[in-house]
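What follows is one structure encoded as structure tokens, with my remarks underneath.
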Amino acid sequence: MHLIIASSIVIPAGLCYGFAPDWAFGITDTSPTLHSLLKAIMGLYIAFALFWVVGIIKPKYWGAATWSSLLFMWGLVFGRIVAWFLTGMPAPIFVFGIVGEFILGLYAVLQLRKYSNSTF
């Protein structure tokens, strides 16, 4: 279930980074460099989410998909917290994101402990 939840959130978020950063996140800079960076972030989000879908469909990939979900979510949490300390309070949507990403990462940990031979 955690991979379903994570992929159903990360795919639309990735599309927002790539195609609607102004609407979704209030990003109004229109430089080609920033647009390129945001499209790359979109690609990473979608690639990871598609791997999680593979983990849902093919049980032999479930463990790797769950580990990647955990690292993805807590990597985002770490980066957002560092940014918060260095540059100040982010927009409310990113504060909400920190909480959601932490919870999804914790859910992945719980799933790994429950359903795998992982020594987490």
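Each chain of the structure tokens is named A, B, ... in the order shown, its residues numbered from 1; ligands are numbered from 1 in display order.
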
With a distance cut-off of 9 Å and only C-alpha atoms, select the neighbouring residues of region 25-32 of chain A, excluding the residue or stretch itself and same-chain residues fewer than 3 positions from it, and output the selection as an NGL selection string.
:A and (16-17 or 20-22 or 35-37 or 91 or 93-94)

Based on the selection just made, write all heavy atoms of those residues as an mmCIF file, in the first residue's frame.
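Listing of selection.cif after writing:
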data_model
loop_
_atom_site.group_PDB
_atom_site.id
_atom_site.type_symbol
_atom_site.label_atom_id
_atom_site.label_comp_id
_atom_site.auth_asym_id
_atom_site.auth_seq_id
_atom_site.Cartn_x
_atom_site.Cartn_y
_atom_site.Cartn_z
ATOM 1 N N CYS A 16 3.974 18.578 -11.707
ATOM 2 C CA CYS A 16 3.889 19.986 -11.302
ATOM 3 C C CYS A 16 5.244 20.665 -11.376
ATOM 4 O O CYS A 16 5.340 21.797 -11.850
ATOM 5 C CB CYS A 16 3.314 20.102 -9.894
ATOM 6 S SG CYS A 16 1.535 19.815 -9.804
ATOM 7 N N TYR A 17 6.299 19.976 -10.910
ATOM 8 C CA TYR A 17 7.640 20.552 -11.030
ATOM 9 C C TYR A 17 7.987 20.822 -12.486
ATOM 10 O O TYR A 17 8.576 21.843 -12.818
ATOM 11 C CB TYR A 17 8.704 19.609 -10.440
ATOM 12 C CG TYR A 17 8.925 19.758 -8.962
ATOM 13 C CD1 TYR A 17 8.523 18.767 -8.078
ATOM 14 C CD2 TYR A 17 9.560 20.880 -8.446
ATOM 15 C CE1 TYR A 17 8.744 18.890 -6.716
ATOM 16 C CE2 TYR A 17 9.787 21.018 -7.088
ATOM 17 C CZ TYR A 17 9.369 20.019 -6.225
ATOM 18 O OH TYR A 17 9.596 20.150 -4.881
ATOM 19 N N ALA A 20 4.072 22.922 -14.187
ATOM 20 C CA ALA A 20 3.269 23.960 -13.530
ATOM 21 C C ALA A 20 3.926 24.469 -12.248
ATOM 22 O O ALA A 20 3.263 24.583 -11.222
ATOM 23 C CB ALA A 20 1.874 23.411 -13.242
ATOM 24 N N PRO A 21 5.222 24.779 -12.285
ATOM 25 C CA PRO A 21 5.872 25.217 -11.038
ATOM 26 C C PRO A 21 5.323 26.543 -10.522
ATOM 27 O O PRO A 21 5.315 26.775 -9.313
ATOM 28 C CB PRO A 21 7.341 25.334 -11.415
ATOM 29 C CG PRO A 21 7.335 25.568 -12.885
ATOM 30 C CD PRO A 21 6.146 24.798 -13.405
ATOM 31 N N ASP A 22 4.837 27.384 -11.422
ATOM 32 C CA ASP A 22 4.258 28.654 -10.986
ATOM 33 C C ASP A 22 2.948 28.413 -10.254
ATOM 34 O O ASP A 22 2.719 28.955 -9.177
ATOM 35 C CB ASP A 22 4.049 29.588 -12.178
ATOM 36 C CG ASP A 22 3.270 28.938 -13.315
ATOM 37 O OD1 ASP A 22 3.221 27.691 -13.387
ATOM 38 O OD2 ASP A 22 2.709 29.673 -14.149
ATOM 39 N N HIS A 35 14.141 26.140 -15.672
ATOM 40 C CA HIS A 35 13.200 25.220 -16.319
ATOM 41 C C HIS A 35 13.854 23.867 -16.585
ATOM 42 O O HIS A 35 13.227 22.818 -16.416
ATOM 43 C CB HIS A 35 12.642 25.822 -17.612
ATOM 44 C CG HIS A 35 11.528 26.781 -17.354
ATOM 45 N ND1 HIS A 35 10.234 26.377 -17.150
ATOM 46 C CD2 HIS A 35 11.537 28.126 -17.221
ATOM 47 C CE1 HIS A 35 9.475 27.427 -16.923
ATOM 48 N NE2 HIS A 35 10.243 28.510 -16.959
ATOM 49 N N SER A 36 15.106 23.871 -16.982
ATOM 50 C CA SER A 36 15.829 22.620 -17.207
ATOM 51 C C SER A 36 15.971 21.836 -15.904
ATOM 52 O O SER A 36 15.762 20.616 -15.865
ATOM 53 C CB SER A 36 17.206 22.917 -17.803
ATOM 54 O OG SER A 36 17.931 21.719 -17.963
ATOM 55 N N LEU A 37 16.319 22.531 -14.834
ATOM 56 C CA LEU A 37 16.449 21.893 -13.529
ATOM 57 C C LEU A 37 15.114 21.289 -13.081
ATOM 58 O O LEU A 37 15.064 20.145 -12.601
ATOM 59 C CB LEU A 37 16.940 22.917 -12.504
ATOM 60 C CG LEU A 37 17.043 22.435 -11.061
ATOM 61 C CD1 LEU A 37 18.143 21.384 -10.932
ATOM 62 C CD2 LEU A 37 17.309 23.606 -10.149
ATOM 63 N N ALA A 91 7.580 27.870 1.823
ATOM 64 C CA ALA A 91 6.141 28.020 1.598
ATOM 65 C C ALA A 91 5.405 26.885 2.306
ATOM 66 O O ALA A 91 5.956 25.787 2.484
ATOM 67 C CB ALA A 91 5.842 27.996 0.105
ATOM 68 N N ILE A 93 3.268 24.726 1.437
ATOM 69 C CA ILE A 93 3.180 23.447 0.733
ATOM 70 C C ILE A 93 4.430 22.602 0.978
ATOM 71 O O ILE A 93 4.358 21.377 1.060
ATOM 72 C CB ILE A 93 2.918 23.645 -0.783
ATOM 73 C CG1 ILE A 93 2.544 22.307 -1.408
ATOM 74 C CG2 ILE A 93 4.115 24.266 -1.477
ATOM 75 C CD1 ILE A 93 1.918 22.409 -2.779
ATOM 76 N N PHE A 94 5.583 23.241 1.153
ATOM 77 C CA PHE A 94 6.813 22.494 1.407
ATOM 78 C C PHE A 94 6.900 22.026 2.859
ATOM 79 O O PHE A 94 7.475 20.982 3.138
ATOM 80 C CB PHE A 94 8.039 23.311 1.006
ATOM 81 C CG PHE A 94 8.121 23.521 -0.481
ATOM 82 C CD1 PHE A 94 7.980 24.789 -1.022
ATOM 83 C CD2 PHE A 94 8.325 22.460 -1.345
ATOM 84 C CE1 PHE A 94 8.045 24.988 -2.392
ATOM 85 C CE2 PHE A 94 8.393 22.645 -2.713
ATOM 86 C CZ PHE A 94 8.242 23.909 -3.239
#

Please identify all polymer residues within 7 Å of Tyr45 (chain A), counting only C-alpha atoms, omitting same-chain residues fewer than 2 positions from it, and present them as a ChimeraX atom specification.
/A:10-11,14,41-43,47-49

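When only C-alpha atoms are used to measure the gap to Val109 (chain A), the shortest distance among A:Leu34, A:Ile56, A:Leu70, A:Val77 belongs to A:Leu70.
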
Hey, what's within 12 Å of Ile81 (chain A) if we count only C-alpha atoms and toss same-chain stuff fewer than 5 positions away? As a ChimeraX atom specification, please?
/A:74-76,86-90,94-95,97-99,101-102

Any chance you could export the current selection's C-alpha atoms as a PDB file, in the first residue's frame?
ATOM      1  CA  TRP A  74      13.935  10.843   3.629  1.00  0.00           C
ATOM      2  CA  GLY A  75      16.365  12.369   1.151  1.00  0.00           C
ATOM      3  CA  LEU A  76      13.733  14.989   0.399  1.00  0.00           C
ATOM      4  CA  LEU A  86      19.889  27.936   5.651  1.00  0.00           C
ATOM      5  CA  THR A  87      17.255  30.073   3.945  1.00  0.00           C
ATOM      6  CA  GLY A  88      14.311  30.281   6.346  1.00  0.00           C
ATOM      7  CA  MET A  89      10.765  29.033   6.453  1.00  0.00           C
ATOM      8  CA  PRO A  90       9.589  27.614   3.114  1.00  0.00           C
ATOM      9  CA  PHE A  94       6.813  22.494   1.407  1.00  0.00           C
ATOM     10  CA  VAL A  95       6.260  22.337   5.174  1.00  0.00           C
ATOM     11  CA  GLY A  97       5.694  18.080   2.142  1.00  0.00           C
ATOM     12  CA  ILE A  98       8.275  17.578   4.900  1.00  0.00           C
ATOM     13  CA  VAL A  99       5.649  16.021   7.142  1.00  0.00           C
ATOM     14  CA  GLU A 101       7.593  12.691   3.151  1.00  0.00           C
ATOM     15  CA  PHE A 102       8.699  11.807   6.668  1.00  0.00           C
TER      16      PHE A 102
END

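Taking only C-alpha atoms into account, Arg113 (chain A) lies nearest to A:Gly63 out of the set A:Gly63, A:Trp84, A:Pro92, A:Pro12.
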
Have a look at CA of Tyr61 (chain A) and CA of Leu15 (chain A) and let me know their distance in Å, one decimal.
24.5 Å

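Considering only C-alpha atoms, the residue among A:Leu3, A:Tyr115, A:Val82, A:Ala13 positioned nearest to Ser68 (chain A) is A:Leu3.
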
Closest of A:Met73, A:Ile46, A:Ala64, A:Ile103 to Ser116 (chain A) - atom-to-atom distances counting only C-alpha atoms:
A:Ala64

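Relative to CA of Trp23 (chain A), CA of Phe96 (chain A) is found at 16.6 Å.
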
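Between CA of Ile9 (chain A) and CA of Tyr107 (chain A) the interatomic distance comes to 14.4 Å.
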
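Excluding His2 (chain A) itself and any same-chain residue fewer than 4 positions from it, the protein and nucleic acid residues within 10 Å of it, counting only C-alpha atoms, are Ala6, Ser7, Ser8, Trp52, Ile56, Thr66, Ser69, Leu104, Gly105, Leu106, Tyr107, Ala108, Leu110 and Gln111 of chain A.
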
Write the selection just made, keeping C-alpha atoms, as an mmCIF file, in the first residue's frame?
data_model
loop_
_atom_site.group_PDB
_atom_site.id
_atom_site.type_symbol
_atom_site.label_atom_id
_atom_site.label_comp_id
_atom_site.auth_asym_id
_atom_site.auth_seq_id
_atom_site.Cartn_x
_atom_site.Cartn_y
_atom_site.Cartn_z
ATOM 1 C CA ALA A 6 3.885 7.191 -2.712
ATOM 2 C CA SER A 7 3.610 6.767 -6.479
ATOM 3 C CA SER A 8 0.150 8.350 -6.618
ATOM 4 C CA TRP A 52 7.565 1.729 -7.292
ATOM 5 C CA ILE A 56 3.695 -3.238 -6.817
ATOM 6 C CA THR A 66 10.482 0.010 -0.897
ATOM 7 C CA SER A 69 10.979 4.916 -1.651
ATOM 8 C CA LEU A 104 5.864 7.949 3.919
ATOM 9 C CA GLY A 105 9.500 7.150 4.730
ATOM 10 C CA LEU A 106 8.484 5.871 8.155
ATOM 11 C CA TYR A 107 5.742 3.781 6.548
ATOM 12 C CA ALA A 108 8.380 2.248 4.248
ATOM 13 C CA LEU A 110 7.580 -0.295 8.968
ATOM 14 C CA GLN A 111 6.799 -2.268 5.826
#

Return as JSON, numbers by chain the full set of residues in chain A whose backbone-based DSSP assignment is alpha helix (DSSP H).
{"A": [2, 3, 4, 5, 6, 7, 8, 9, 10, 11, 12, 13, 14, 15, 16, 17, 18, 19, 21, 22, 23, 24, 25, 32, 33, 34, 35, 36, 37, 38, 39, 40, 41, 42, 43, 44, 45, 46, 47, 48, 49, 50, 51, 52, 53, 54, 55, 56, 57, 62, 63, 64, 65, 66, 67, 68, 69, 70, 71, 72, 73, 74, 75, 76, 77, 78, 79, 80, 81, 82, 83, 84, 85, 86, 87, 92, 93, 94, 95, 96, 97, 98, 99, 100, 101, 102, 103, 104, 105, 106, 107, 108, 109, 110, 111, 112, 113, 114, 115]}
